[in-house]
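So this one's start_15.txt, compact mmCIF, C-alpha atoms and all ligand atoms:
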# COMPACT_ATOMS: atom_id res chain seq x y z
CA MET A 1 166.43 137.24 147.54
CA ALA A 2 165.38 135.47 150.68
CA ASN A 3 162.70 132.94 149.97
CA GLU A 4 159.59 134.47 151.47
CA ASN A 5 157.55 131.50 150.31
CA ALA A 6 159.69 129.03 152.23
CA THR A 7 157.66 127.52 155.01
CA PRO A 8 159.19 128.29 158.38
CA THR A 9 158.79 125.67 161.07
CA PRO A 10 155.22 126.25 162.14
CA THR A 11 154.34 127.12 165.71
CA TYR A 12 152.79 124.17 167.49
CA GLU A 13 149.46 122.93 166.24
CA PRO A 14 147.71 120.04 167.95
CA GLY A 15 148.30 116.83 166.05
CA THR A 16 151.63 118.00 164.61
CA ARG A 17 155.09 117.26 165.95
CA ASN A 18 155.88 119.24 169.11
CA PRO A 19 158.48 121.74 167.84
CA TYR A 20 160.25 121.76 171.24
CA MET A 21 160.88 118.02 171.03
CA PRO A 22 164.19 117.29 169.31
CA TYR A 23 164.79 114.42 166.96
CA VAL A 24 167.42 112.12 168.40
CA ALA A 25 170.32 111.68 165.98
CA THR A 26 173.55 109.70 165.91
CA VAL A 27 176.86 111.36 165.16
CA VAL A 28 178.19 109.35 162.20
CA GLU A 29 181.39 111.34 161.68
CA VAL A 30 183.25 114.29 163.15
CA VAL A 31 185.62 116.29 160.92
CA THR A 32 188.12 118.66 162.52
CA GLU A 33 188.12 121.71 160.23
CA THR A 34 190.31 124.18 162.15
CA HIS A 35 191.60 124.65 165.70
CA ASN A 36 188.11 125.83 166.77
CA ILE A 37 185.66 124.47 164.15
CA LYS A 38 184.37 120.93 163.88
CA THR A 39 181.87 119.49 161.42
CA PHE A 40 179.27 117.01 162.69
CA ARG A 41 177.64 114.55 160.30
CA LEU A 42 174.38 113.32 161.78
CA ARG A 43 171.78 110.72 160.93
CA LEU A 44 168.34 110.97 162.49
CA ASP A 45 167.38 107.88 164.48
CA GLY A 46 164.22 105.84 163.89
CA GLU A 47 162.99 103.91 160.91
CA GLY A 48 162.36 106.21 157.93
CA VAL A 49 162.89 109.39 160.00
CA HIS A 50 166.11 110.47 158.31
CA GLU A 51 164.68 109.70 154.86
CA ALA A 52 161.56 111.78 155.60
CA PHE A 53 163.54 114.79 156.84
CA ASP A 54 163.42 117.67 154.37
CA HIS A 55 165.13 121.05 154.39
CA LYS A 56 166.06 123.92 152.09
CA PRO A 57 169.46 125.64 151.69
CA GLY A 58 169.80 128.39 154.29
CA GLN A 59 167.60 126.78 156.93
CA THR A 60 168.93 126.26 160.43
CA GLY A 61 168.52 123.85 163.30
CA GLN A 62 169.00 123.74 167.05
CA LEU A 63 171.51 121.12 168.19
CA SER A 64 171.30 119.97 171.79
CA VAL A 65 173.91 118.27 173.86
CA PHE A 66 171.84 116.43 176.45
CA GLY A 67 172.26 117.89 179.93
CA VAL A 68 174.15 120.94 178.64
CA GLY A 69 171.93 122.98 176.31
CA GLU A 70 170.96 123.92 172.82
CA SER A 71 172.42 126.28 170.19
CA THR A 72 171.60 127.38 166.65
CA PHE A 73 173.54 126.28 163.58
CA VAL A 74 173.00 126.30 159.84
CA ILE A 75 172.37 122.96 158.14
CA ASN A 76 175.36 123.13 155.83
CA SER A 77 174.73 120.13 153.61
CA PRO A 78 172.16 120.50 150.82
CA PRO A 79 168.98 118.43 150.51
CA THR A 80 170.50 116.93 147.34
CA ARG A 81 173.18 115.22 149.49
CA LYS A 82 171.38 114.00 152.56
CA ASP A 83 171.30 110.24 151.88
CA LYS A 84 173.93 109.40 154.45
CA TYR A 85 173.84 112.38 156.80
CA ILE A 86 172.99 116.04 157.39
CA GLN A 87 175.89 118.25 158.35
CA PHE A 88 176.52 121.13 160.78
CA SER A 89 179.82 122.97 161.36
CA CYS A 90 180.26 124.51 164.79
CA MET A 91 182.78 127.02 166.05
CA ARG A 92 183.69 126.61 169.71
CA ALA A 93 182.36 129.69 171.55
CA GLY A 94 180.98 128.75 174.97
CA GLU A 95 179.37 126.00 176.97
CA VAL A 96 177.24 124.24 174.34
CA THR A 97 179.78 124.38 171.55
CA THR A 98 182.56 123.17 173.88
CA ALA A 99 180.39 120.19 174.82
CA LEU A 100 179.61 119.62 171.12
CA HIS A 101 183.31 119.53 170.35
CA GLY A 102 183.63 116.66 172.84
CA LEU A 103 181.23 114.43 170.86
CA GLN A 104 182.46 111.48 168.84
CA ALA A 105 181.04 109.11 166.23
CA GLY A 106 178.34 106.98 167.83
CA ASP A 107 177.26 109.64 170.36
CA LYS A 108 173.64 110.85 170.48
CA ILE A 109 172.56 114.43 169.93
CA GLY A 110 169.24 116.33 169.78
CA VAL A 111 168.17 118.12 166.60
CA ARG A 112 165.27 120.55 166.18
CA ALA A 113 165.14 121.33 162.48
CA PRO A 114 164.55 122.60 159.90
CA MET A 115 163.87 126.17 161.02
CA GLY A 116 163.55 129.54 159.34
CA ASN A 117 163.46 130.67 155.75
CA SER A 118 165.89 129.74 152.99
CA PHE A 119 167.79 131.26 150.08
CA ASP A 120 165.46 131.90 147.17
CA TYR A 121 167.39 129.61 144.83
CA ASP A 122 164.46 129.47 142.36
CA ALA A 123 164.49 133.26 141.85
CA MET A 124 168.27 133.02 141.27
CA LYS A 125 167.87 130.63 138.32
CA GLY A 126 169.55 131.95 135.16
CA LYS A 127 171.63 134.47 137.11
CA ASP A 128 175.35 134.64 137.84
CA ILE A 129 176.08 133.99 141.50
CA PHE A 130 179.02 135.45 143.41
CA PHE A 131 179.57 133.94 146.88
CA ILE A 132 181.70 135.88 149.37
CA GLY A 133 182.41 134.02 152.60
CA GLY A 134 184.60 134.69 155.62
CA GLY A 135 185.49 132.15 158.31
CA ILE A 136 182.54 130.14 159.64
CA GLY A 137 180.33 132.29 157.34
CA MET A 138 181.20 129.76 154.65
CA ALA A 139 178.81 127.30 156.36
CA PRO A 140 175.44 128.63 155.13
CA MET A 141 176.87 129.35 151.68
CA ARG A 142 178.27 125.82 151.36
CA THR A 143 174.72 124.45 151.38
CA LEU A 144 173.56 126.73 148.60
CA LEU A 145 176.75 126.41 146.57
CA LEU A 146 176.57 122.59 146.61
CA TYR A 147 172.86 122.73 145.80
CA MET A 148 173.59 124.94 142.78
CA LEU A 149 176.45 122.70 141.65
CA ASP A 150 174.04 119.74 141.88
CA ASN A 151 171.63 121.72 139.63
CA ARG A 152 174.40 123.35 137.60
CA LYS A 153 172.47 123.98 134.37
CA ASP A 154 169.95 126.20 136.17
CA TYR A 155 172.50 128.89 137.03
CA GLY A 156 174.88 131.21 135.16
CA LYS A 157 178.50 131.78 136.14
CA ILE A 158 179.21 130.65 139.71
CA SER A 159 182.11 132.24 141.61
CA LEU A 160 183.33 131.89 145.16
CA LEU A 161 185.63 134.13 147.16
CA TYR A 162 186.39 132.48 150.49
CA GLY A 163 188.82 133.91 153.00
CA ALA A 164 190.15 133.51 156.51
CA LYS A 165 192.99 134.86 158.61
CA SER A 166 195.45 132.09 157.72
CA PRO A 167 195.45 128.81 155.74
CA GLU A 168 194.81 126.94 159.00
CA ASP A 169 191.61 128.93 159.54
CA LEU A 170 189.98 127.80 156.27
CA SER A 171 187.37 125.05 156.67
CA PHE A 172 186.03 122.46 154.21
CA ALA A 173 189.40 121.24 152.87
CA GLU A 174 187.86 118.46 150.77
CA ASP A 175 185.35 120.83 149.18
CA ARG A 176 188.02 123.44 148.47
CA GLU A 177 190.11 120.91 146.59
CA ASP A 178 187.09 120.01 144.46
CA TRP A 179 186.00 123.64 143.91
CA LEU A 180 189.51 124.62 142.76
CA LYS A 181 189.55 121.75 140.25
CA ARG A 182 186.10 122.32 138.75
CA ASP A 183 185.89 124.13 135.45
CA ASP A 184 182.24 125.13 135.96
CA MET A 185 183.00 127.59 138.78
CA ASN A 186 185.69 130.14 139.69
CA THR A 187 187.20 129.76 143.13
CA TYR A 188 189.31 132.44 144.79
CA LEU A 189 190.84 131.80 148.20
CA THR A 190 192.45 134.50 150.28
CA ILE A 191 194.23 134.88 153.61
CA ASP A 192 195.00 138.09 155.46
CA LYS A 193 198.84 137.87 155.33
CA GLU A 194 201.45 135.93 153.33
CA ALA A 195 202.08 132.42 154.65
CA PRO A 196 204.72 129.85 153.63
CA GLY A 197 203.50 127.63 150.76
CA TRP A 198 200.32 129.67 150.11
CA GLU A 199 199.60 129.87 146.38
CA HIS A 200 196.36 131.81 146.34
CA LYS A 201 195.38 135.41 147.00
CA VAL A 202 196.56 137.48 149.93
CA GLY A 203 194.53 140.37 151.33
CA LEU A 204 191.33 141.18 153.15
CA ILE A 205 188.19 139.85 151.49
CA PRO A 206 186.69 143.27 150.53
CA HIS A 207 189.97 144.36 148.87
CA VAL A 208 190.29 141.08 146.95
CA LEU A 209 186.65 141.36 145.92
CA GLU A 210 187.21 144.83 144.48
CA ALA A 211 190.29 143.62 142.62
CA ILE A 212 188.33 140.70 141.09
CA GLY A 213 185.59 143.19 140.22
CA PRO A 214 182.54 141.02 139.45
CA SER A 215 179.96 142.67 137.17
CA PRO A 216 176.60 143.36 138.83
CA GLU A 217 174.78 142.64 135.57
CA ASN A 218 172.32 139.77 136.11
CA CYS A 219 174.33 138.77 139.20
CA VAL A 220 173.39 138.01 142.81
CA ALA A 221 176.04 138.45 145.51
CA ILE A 222 175.70 136.26 148.58
CA THR A 223 177.85 137.13 151.56
CA CYS A 224 178.19 135.67 155.04
CA GLY A 225 180.86 136.27 157.64
CA PRO A 226 181.77 138.43 160.63
CA PRO A 227 179.91 141.79 160.82
CA ILE A 228 183.07 143.82 160.15
CA MET A 229 183.71 141.84 156.96
CA ILE A 230 180.09 142.26 155.83
CA LYS A 231 180.29 146.03 156.40
CA PHE A 232 183.28 146.42 154.07
CA VAL A 233 182.07 143.80 151.55
CA LEU A 234 178.87 145.81 151.28
CA GLN A 235 180.85 148.98 150.55
CA ALA A 236 182.90 147.13 147.90
CA LEU A 237 179.74 145.72 146.27
CA ASN A 238 178.17 149.19 146.27
CA LYS A 239 181.25 150.56 144.50
CA LEU A 240 181.00 147.75 141.94
CA GLY A 241 177.41 148.78 141.25
CA PHE A 242 175.45 146.05 143.08
CA LYS A 243 172.05 147.23 144.33
CA PRO A 244 170.75 146.26 147.83
CA ASP A 245 168.22 143.82 146.33
CA GLN A 246 171.08 141.98 144.56
CA ILE A 247 172.92 141.30 147.83
CA VAL A 248 171.85 138.50 150.15
CA THR A 249 173.14 137.62 153.62
CA THR A 250 172.23 135.55 156.67
CA LEU A 251 171.86 137.06 160.14
CA GLU A 252 173.04 135.58 163.41
CA LYS A 253 170.85 136.92 166.17
CA ARG A 254 170.86 134.83 169.34
CA MET A 255 167.87 132.52 169.51
CA LYS A 256 166.05 130.47 172.06
CA CYS A 257 162.76 128.93 170.92
CA GLY A 258 163.55 129.15 167.18
CA ILE A 259 159.84 129.19 166.34
CA GLY A 260 158.69 132.79 166.77
CA ILE A 261 157.34 132.49 170.31
CA CYS A 262 159.87 133.77 172.87
CA GLY A 263 160.64 137.15 171.26
CA ARG A 264 164.39 136.74 171.77
CA CYS A 265 165.52 137.26 168.20
CA ASN A 266 163.42 140.11 166.86
CA ILE A 267 164.66 143.13 164.94
CA GLY A 268 161.73 145.53 164.94
CA GLY A 269 158.77 143.46 163.79
CA LYS A 270 160.85 140.70 162.17
CA TYR A 271 161.94 137.50 163.89
CA VAL A 272 165.27 136.20 162.66
CA CYS A 273 164.18 132.65 163.56
CA ILE A 274 161.15 132.55 161.26
CA ASP A 275 161.45 135.57 158.92
CA GLY A 276 165.20 134.89 158.53
CA PRO A 277 168.02 134.06 158.78
CA VAL A 278 168.24 134.94 155.05
CA PHE A 279 167.63 138.58 154.12
CA THR A 280 168.51 140.86 151.21
CA PHE A 281 170.16 144.17 152.03
CA GLU A 282 167.05 145.80 150.59
CA GLN A 283 165.02 144.08 153.36
CA LEU A 284 167.61 144.94 156.03
CA SER A 285 167.57 148.60 155.02
CA GLN A 286 163.87 148.67 155.94
CA MET A 287 164.48 147.20 159.40
CA PRO A 288 165.68 149.09 162.53
CA ASN A 289 169.47 149.11 162.95
CA GLU A 290 169.51 146.89 166.04
CA LEU A 291 172.25 144.39 165.22
C1 LIG A 301 170.73 131.67 162.64
C2 LIG A 301 172.06 131.31 163.26
C3 LIG A 301 172.89 130.44 162.58
C4 LIG A 301 174.13 130.09 163.15
N1 LIG A 301 174.92 129.20 162.47
C5 LIG A 301 176.10 128.85 163.00
C6 LIG A 301 176.92 127.87 162.34
O1 LIG A 301 176.56 127.30 161.31
N2 LIG A 301 178.09 127.56 162.92
C7 LIG A 301 178.53 128.16 164.09
O2 LIG A 301 179.63 127.84 164.56
N3 LIG A 301 177.78 129.07 164.73
C8 LIG A 301 176.57 129.41 164.24
N4 LIG A 301 175.78 130.31 164.90
C9 LIG A 301 176.28 130.87 166.19
C10 LIG A 301 176.04 129.86 167.32
O3 LIG A 301 174.65 129.70 167.52
C11 LIG A 301 176.70 130.35 168.64
O4 LIG A 301 178.08 130.43 168.47
C12 LIG A 301 176.40 129.35 169.73
O5 LIG A 301 175.05 129.50 170.08
C13 LIG A 301 177.26 129.59 170.92
O6 LIG A 301 176.78 128.70 171.93
P1 LIG A 301 177.59 128.41 173.23
O7 LIG A 301 176.64 127.94 174.28
O8 LIG A 301 178.75 127.52 172.96
O9 LIG A 301 178.19 129.80 173.63
P2 LIG A 301 177.65 130.83 174.68
O10 LIG A 301 178.19 130.45 176.02
O11 LIG A 301 176.18 131.03 174.55
O12 LIG A 301 178.38 132.13 174.11
C14 LIG A 301 179.81 132.22 174.02
C15 LIG A 301 180.16 133.60 173.48
O13 LIG A 301 179.66 133.76 172.15
C16 LIG A 301 178.74 134.83 172.07
N5 LIG A 301 177.66 134.41 171.18
C17 LIG A 301 176.92 133.28 171.24
N6 LIG A 301 176.03 133.24 170.24
C18 LIG A 301 176.21 134.35 169.52
C19 LIG A 301 175.58 134.89 168.37
N7 LIG A 301 174.60 134.28 167.71
N8 LIG A 301 176.03 136.09 167.93
C20 LIG A 301 177.02 136.74 168.55
N9 LIG A 301 177.65 136.29 169.65
C21 LIG A 301 177.24 135.11 170.12
C22 LIG A 301 178.27 135.04 173.51
O14 LIG A 301 177.84 136.35 173.74
C23 LIG A 301 179.52 134.73 174.30
O15 LIG A 301 180.42 135.80 174.30
C24 LIG A 301 174.54 130.65 164.39
C25 LIG A 301 173.68 131.52 165.07
C26 LIG A 301 172.45 131.84 164.52
C27 LIG A 301 171.54 132.73 165.29
S1 LIG A 302 164.10 132.63 168.93
FE1 LIG A 302 162.21 132.80 169.97
S2 LIG A 302 161.16 134.25 168.74
FE2 LIG A 302 162.95 133.85 167.60

In structure tokens, how does this file's structure come out?
Amino acid sequence: MANENATPTPTYEPGTRNPYMPYVATVVEVVTETHNIKTFRLRLDGEGVHEAFDHKPGQTGQLSVFGVGESTFVINSPPTRKDKYIQFSCMRAGEVTTALHGLQAGDKIGVRAPMGNSFDYDAMKGKDIFFIGGGIGMAPMRTLLLYMLDNRKDYGKISLLYGAKSPEDLSFAEDREDWLKRDDMNTYLTIDKEAPGWEHKVGLIPHVLEAIGPSPENCVAITCGPPIMIKFVLQALNKLGFKPDQIVTTLEKRMKCGIGICGRCNIGGKYVCIDGPVFTFEQLSQMPNEL
């Protein structure tokens, strides 16, 4: 249920904005999520530029730290909440993300966005939605989950299973508090092993998922996380009776141009940067196994 009608960032056409030229944005707030994940709240500079910016849940952007480089991240705030800022959460991995982690409120950053396709949230209307997120994989799902909560009447039962190794590895503390309190969604949190003071579930995400046992009837499962988690979540969903076209994920294939030109991110004939990052497992099953 990837939105095939979503308009990817077009390749460059004369008279349109040069897609290689980043917007300049100001960091308005930095939130430390975990020991290696920080969230950056950004506002695009220039009169009316931020207001005119439009994106769909699931779309990505390239953030650049000037003089260091550029990397790909999901826009993890929904279009329904972009008045003050757009948000990205970045796990420290190498050079660019280490430099990003050094930024503070008031610093400038480059943003090329929005890019890629989006979740097909219109086709999901009227259905139950079961989100399954691990670690930083919660980022793309946060956008869609908040979008659905902001349009709550359009969707059936909404459930979230979010897990990490330990309580300290869970991001989005403020959101979690809200999600646990809400009576219009079910929130399950899990960590790999018992920890002092932990009052939620304990166990690996696929095992907890099987124990919860969501019904596949009129339900879409959306899962993002490390490849090993996805592999076992997929097996659990299969056991529960979910079909490949009911399971949606986002791919992380390293990117460079982000606009379908450089050929860096292809899987067979598909480019993750413009045909993805959102795919159903039905679509993935028709692509070469190159991940
Ligand atoms: C569509 C998409 C969405 C993404 N969304 C997010 C997000 O919301 N938050 C987030 O923290 N990260 C996200 N990533 C991953 C992020 O782009 C990389 O972690 C980042 O580019 C690393 O940059 P770096 O220069 O700091 O590290 P590098 O120095 O380039 O790499 C450091 C290490 O990480 C590995 N690595 C880097 N990128 C990837 C990758 N894509 N897949 C597997 N291994 C990789 C390298 O091989 C190396 O071992 C996303 C990637 C894609 C393609
Ligand atoms: S990143 Fe260049 S083609 Fe996808």

Show me which residues sit within 7 Å of ligand LIG 302 (chain A) when counting all atoms listed in the file, and put them as a short mmCIF file (atom, residue, chain, number, x, y, z; two decimals) with C-alpha atoms, in the frame of the given file.
data_model
loop_
_atom_site.label_atom_id
_atom_site.label_comp_id
_atom_site.auth_asym_id
_atom_site.auth_seq_id
_atom_site.Cartn_x
_atom_site.Cartn_y
_atom_site.Cartn_z
CA MET A 255 167.87 132.52 169.51
CA LYS A 256 166.05 130.47 172.06
CA CYS A 257 162.76 128.93 170.92
CA GLY A 258 163.55 129.15 167.18
CA ILE A 259 159.84 129.19 166.34
CA GLY A 260 158.69 132.79 166.77
CA ILE A 261 157.34 132.49 170.31
CA CYS A 262 159.87 133.77 172.87
CA GLY A 263 160.64 137.15 171.26
CA ARG A 264 164.39 136.74 171.77
CA CYS A 265 165.52 137.26 168.20
CA ASN A 266 163.42 140.11 166.86
CA TYR A 271 161.94 137.50 163.89
CA VAL A 272 165.27 136.20 162.66
CA CYS A 273 164.18 132.65 163.56
CA ILE A 274 161.15 132.55 161.26
#

Q) Can you tell me how far atom CA of A:Thr223 sits from atom CA of A:Asp120, in Å to one decimal? A)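 Spanning atom CA of A:Thr223 to atom CA of A:Asp120 is a straight-line distance of 14.1 Å.
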
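The interatomic distance for the pair atom CA of A:Glu252 and atom CA of A:Phe53 works out to 23.8 Å.
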
Could I get the residues of chain A with an atom no further than 8 Å from an atom of ligand LIG 301 (chain A), each paired with its nearest atom pair and that distance in Å to one decimal, using all atoms listed in the file, sorted by chain and residue number, as a Markdown table?
| residue | atom | partner | partner_atom | distance |
| --- | --- | --- | --- | --- |
| A:Ile37 | CA | A:LIG301 | O2 | 6.9 |
| A:Thr60 | CA | A:LIG301 | C1 | 6.1 |
| A:Gly61 | CA | A:LIG301 | C3 | 7.9 |
| A:Gly69 | CA | A:LIG301 | O7 | 7.1 |
| A:Glu70 | CA | A:LIG301 | O7 | 7.1 |
| A:Ser71 | CA | A:LIG301 | O5 | 4.2 |
| A:Thr72 | CA | A:LIG301 | O3 | 3.9 |
| A:Phe73 | CA | A:LIG301 | N1 | 3.4 |
| A:Val74 | CA | A:LIG301 | O1 | 4.0 |
| A:Ile75 | CA | A:LIG301 | O1 | 6.8 |
| A:Asn76 | CA | A:LIG301 | O1 | 7.0 |
| A:Phe88 | CA | A:LIG301 | O1 | 6.2 |
| A:Ser89 | CA | A:LIG301 | N2 | 5.1 |
| A:Cys90 | CA | A:LIG301 | O2 | 3.4 |
| A:Met91 | CA | A:LIG301 | O2 | 3.6 |
| A:Arg92 | CA | A:LIG301 | O8 | 6.0 |
| A:Ala93 | CA | A:LIG301 | C14 | 4.4 |
| A:Gly94 | CA | A:LIG301 | O8 | 3.2 |
| A:Glu95 | CA | A:LIG301 | O7 | 4.3 |
| A:Val96 | CA | A:LIG301 | O7 | 3.7 |
| A:Thr97 | CA | A:LIG301 | O8 | 3.6 |
| A:Thr98 | CA | A:LIG301 | O8 | 5.9 |
| A:Ala99 | CA | A:LIG301 | O8 | 7.7 |
| A:Ile136 | CA | A:LIG301 | N2 | 6.1 |
| A:Gly137 | CA | A:LIG301 | O1 | 7.4 |
| A:Ala139 | CA | A:LIG301 | O1 | 5.4 |
| A:Pro140 | CA | A:LIG301 | O1 | 6.4 |
| A:Thr250 | CA | A:LIG301 | C1 | 7.3 |
| A:Leu251 | CA | A:LIG301 | C1 | 6.0 |
| A:Glu252 | CA | A:LIG301 | C27 | 3.7 |
| A:Lys253 | CA | A:LIG301 | C27 | 4.3 |
| A:Arg254 | CA | A:LIG301 | N7 | 4.1 |
| A:Met255 | CA | A:LIG301 | C27 | 5.6 |
| A:Val272 | CA | A:LIG301 | C1 | 7.1 |
| A:Cys273 | CA | A:LIG301 | C1 | 6.7 |
| A:Gly276 | CA | A:LIG301 | C1 | 7.6 |
| A:Pro277 | CA | A:LIG301 | C1 | 5.3 |

For A:Pro206, list every protein, DNA or RNA residue within 8 Å, evaluated using all atoms listed in the file, and leave out those in the same chain fewer than 5 positions away; present the list as a short mmCIF file (atom, residue, chain, number, x, y, z; two decimals) with C-alpha atoms, keeping the file's coordinate frame.
data_model
loop_
_atom_site.label_atom_id
_atom_site.label_comp_id
_atom_site.auth_asym_id
_atom_site.auth_seq_id
_atom_site.Cartn_x
_atom_site.Cartn_y
_atom_site.Cartn_z
CA MET A 229 183.71 141.84 156.96
CA PHE A 232 183.28 146.42 154.07
CA VAL A 233 182.07 143.80 151.55
CA ALA A 236 182.90 147.13 147.90
#

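Closest approach to A:Met148 from the set A:Asn218, A:Ser77, A:Asp83, A:Ala105 is made by A:Ser77, with distances taken over only C-alpha atoms.
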
Q | Nearest to A:Gln62 by atom-to-atom distance, counting all atoms listed in the file, from A:Gly163, A:Gly268, A:Pro19, A:Pro214 | A | A:Pro19

(Q) Report as a count of residues only all protein, DNA and RNA residues lying within 12 Å of A:Leu209, evaluated on all atoms listed in the file, omitting residues in the same chain fewer than 5 positions from it. (A) 33

(Q) At a cut-off of 9 Å, using all atoms listed in the file, what residues contact A:Glu33? Leave out same-chain residues fewer than 4 positions from it and give the result as a list in words. (A) Ile37, Lys38, Thr39, Ser89, Glu168, Asp169, Leu170, Ser171, Phe172 and Ala173 of chain A

Q: Rounded to one decimal place, report the atom CA of A:Asp275-atom CA of A:Met115 distance in Å.
A: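 Going from atom CA of A:Asp275 over to atom CA of A:Met115 covers 9.9 Å.
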
Produce the centre coordinates and the three edge lengths, each in Å to one decimal, of the box along x, y and z that contains all listed atoms of stretch 194-199 of chain A with 5 Å added on each side, as AutoDock Vina command-line options.
--center_x 202.2 --center_y 131.8 --center_z 150.5 --size_x 15.1 --size_y 18.3 --size_z 18.3

Would you list the contacts of A:Phe119 as a compact mmCIF listing (two decimals) with C-alpha atoms, in the coordinates of the input, taking every protein, DNA or RNA residue within 12 Å and counting only C-alpha atoms, but skipping same-chain residues closer than 3 positions in sequence?
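In the end it all went to selection.txt:
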# COMPACT_ATOMS: atom_id res chain seq x y z
CA MET A 1 166.43 137.24 147.54
CA ALA A 2 165.38 135.47 150.68
CA ASN A 3 162.70 132.94 149.97
CA GLU A 4 159.59 134.47 151.47
CA ASN A 5 157.55 131.50 150.31
CA ALA A 6 159.69 129.03 152.23
CA THR A 7 157.66 127.52 155.01
CA HIS A 55 165.13 121.05 154.39
CA LYS A 56 166.06 123.92 152.09
CA PRO A 57 169.46 125.64 151.69
CA GLY A 58 169.80 128.39 154.29
CA GLN A 59 167.60 126.78 156.93
CA THR A 60 168.93 126.26 160.43
CA PRO A 78 172.16 120.50 150.82
CA GLY A 116 163.55 129.54 159.34
CA ASP A 122 164.46 129.47 142.36
CA ALA A 123 164.49 133.26 141.85
CA MET A 124 168.27 133.02 141.27
CA LYS A 125 167.87 130.63 138.32
CA PRO A 140 175.44 128.63 155.13
CA MET A 141 176.87 129.35 151.68
CA ARG A 142 178.27 125.82 151.36
CA THR A 143 174.72 124.45 151.38
CA LEU A 144 173.56 126.73 148.60
CA LEU A 145 176.75 126.41 146.57
CA TYR A 147 172.86 122.73 145.80
CA MET A 148 173.59 124.94 142.78
CA VAL A 220 173.39 138.01 142.81
CA ALA A 221 176.04 138.45 145.51
CA ILE A 222 175.70 136.26 148.58
CA THR A 223 177.85 137.13 151.56
CA ILE A 247 172.92 141.30 147.83
CA VAL A 248 171.85 138.50 150.15
CA THR A 249 173.14 137.62 153.62
CA THR A 250 172.23 135.55 156.67
CA ASP A 275 161.45 135.57 158.92
CA GLY A 276 165.20 134.89 158.53
CA PRO A 277 168.02 134.06 158.78
CA VAL A 278 168.24 134.94 155.05
CA PHE A 279 167.63 138.58 154.12
CA THR A 280 168.51 140.86 151.21

Using all atoms listed in the file, determine which residues lie at most 9 Å from A:Met185, disregarding the query and same-chain residues fewer than 5 positions distant; provide the list as a PDB file with C-alpha atoms, in the frame of the given file.
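See around23.pdb below for the written result:
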ATOM      1  CA  LEU A 149     176.450 122.700 141.650  1.00  0.00           C
ATOM      2  CA  LYS A 157     178.500 131.780 136.140  1.00  0.00           C
ATOM      3  CA  ILE A 158     179.210 130.650 139.710  1.00  0.00           C
ATOM      4  CA  SER A 159     182.110 132.240 141.610  1.00  0.00           C
ATOM      5  CA  LEU A 160     183.330 131.890 145.160  1.00  0.00           C
ATOM      6  CA  TRP A 179     186.000 123.640 143.910  1.00  0.00           C
ATOM      7  CA  LEU A 180     189.510 124.620 142.760  1.00  0.00           C
TER       8      LEU A 180
END

**Q.** Using all atoms listed in the file: which of A:Ala211, A:Ile86, A:Leu100, A:Val65 has the shortest distance to A:Pro22
**A.** A:Val65

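Considering all atoms listed in the file, the residue among A:Pro227, A:Gly241, A:Gly126, A:Gly135 positioned nearest to A:Asp154 is A:Gly126.
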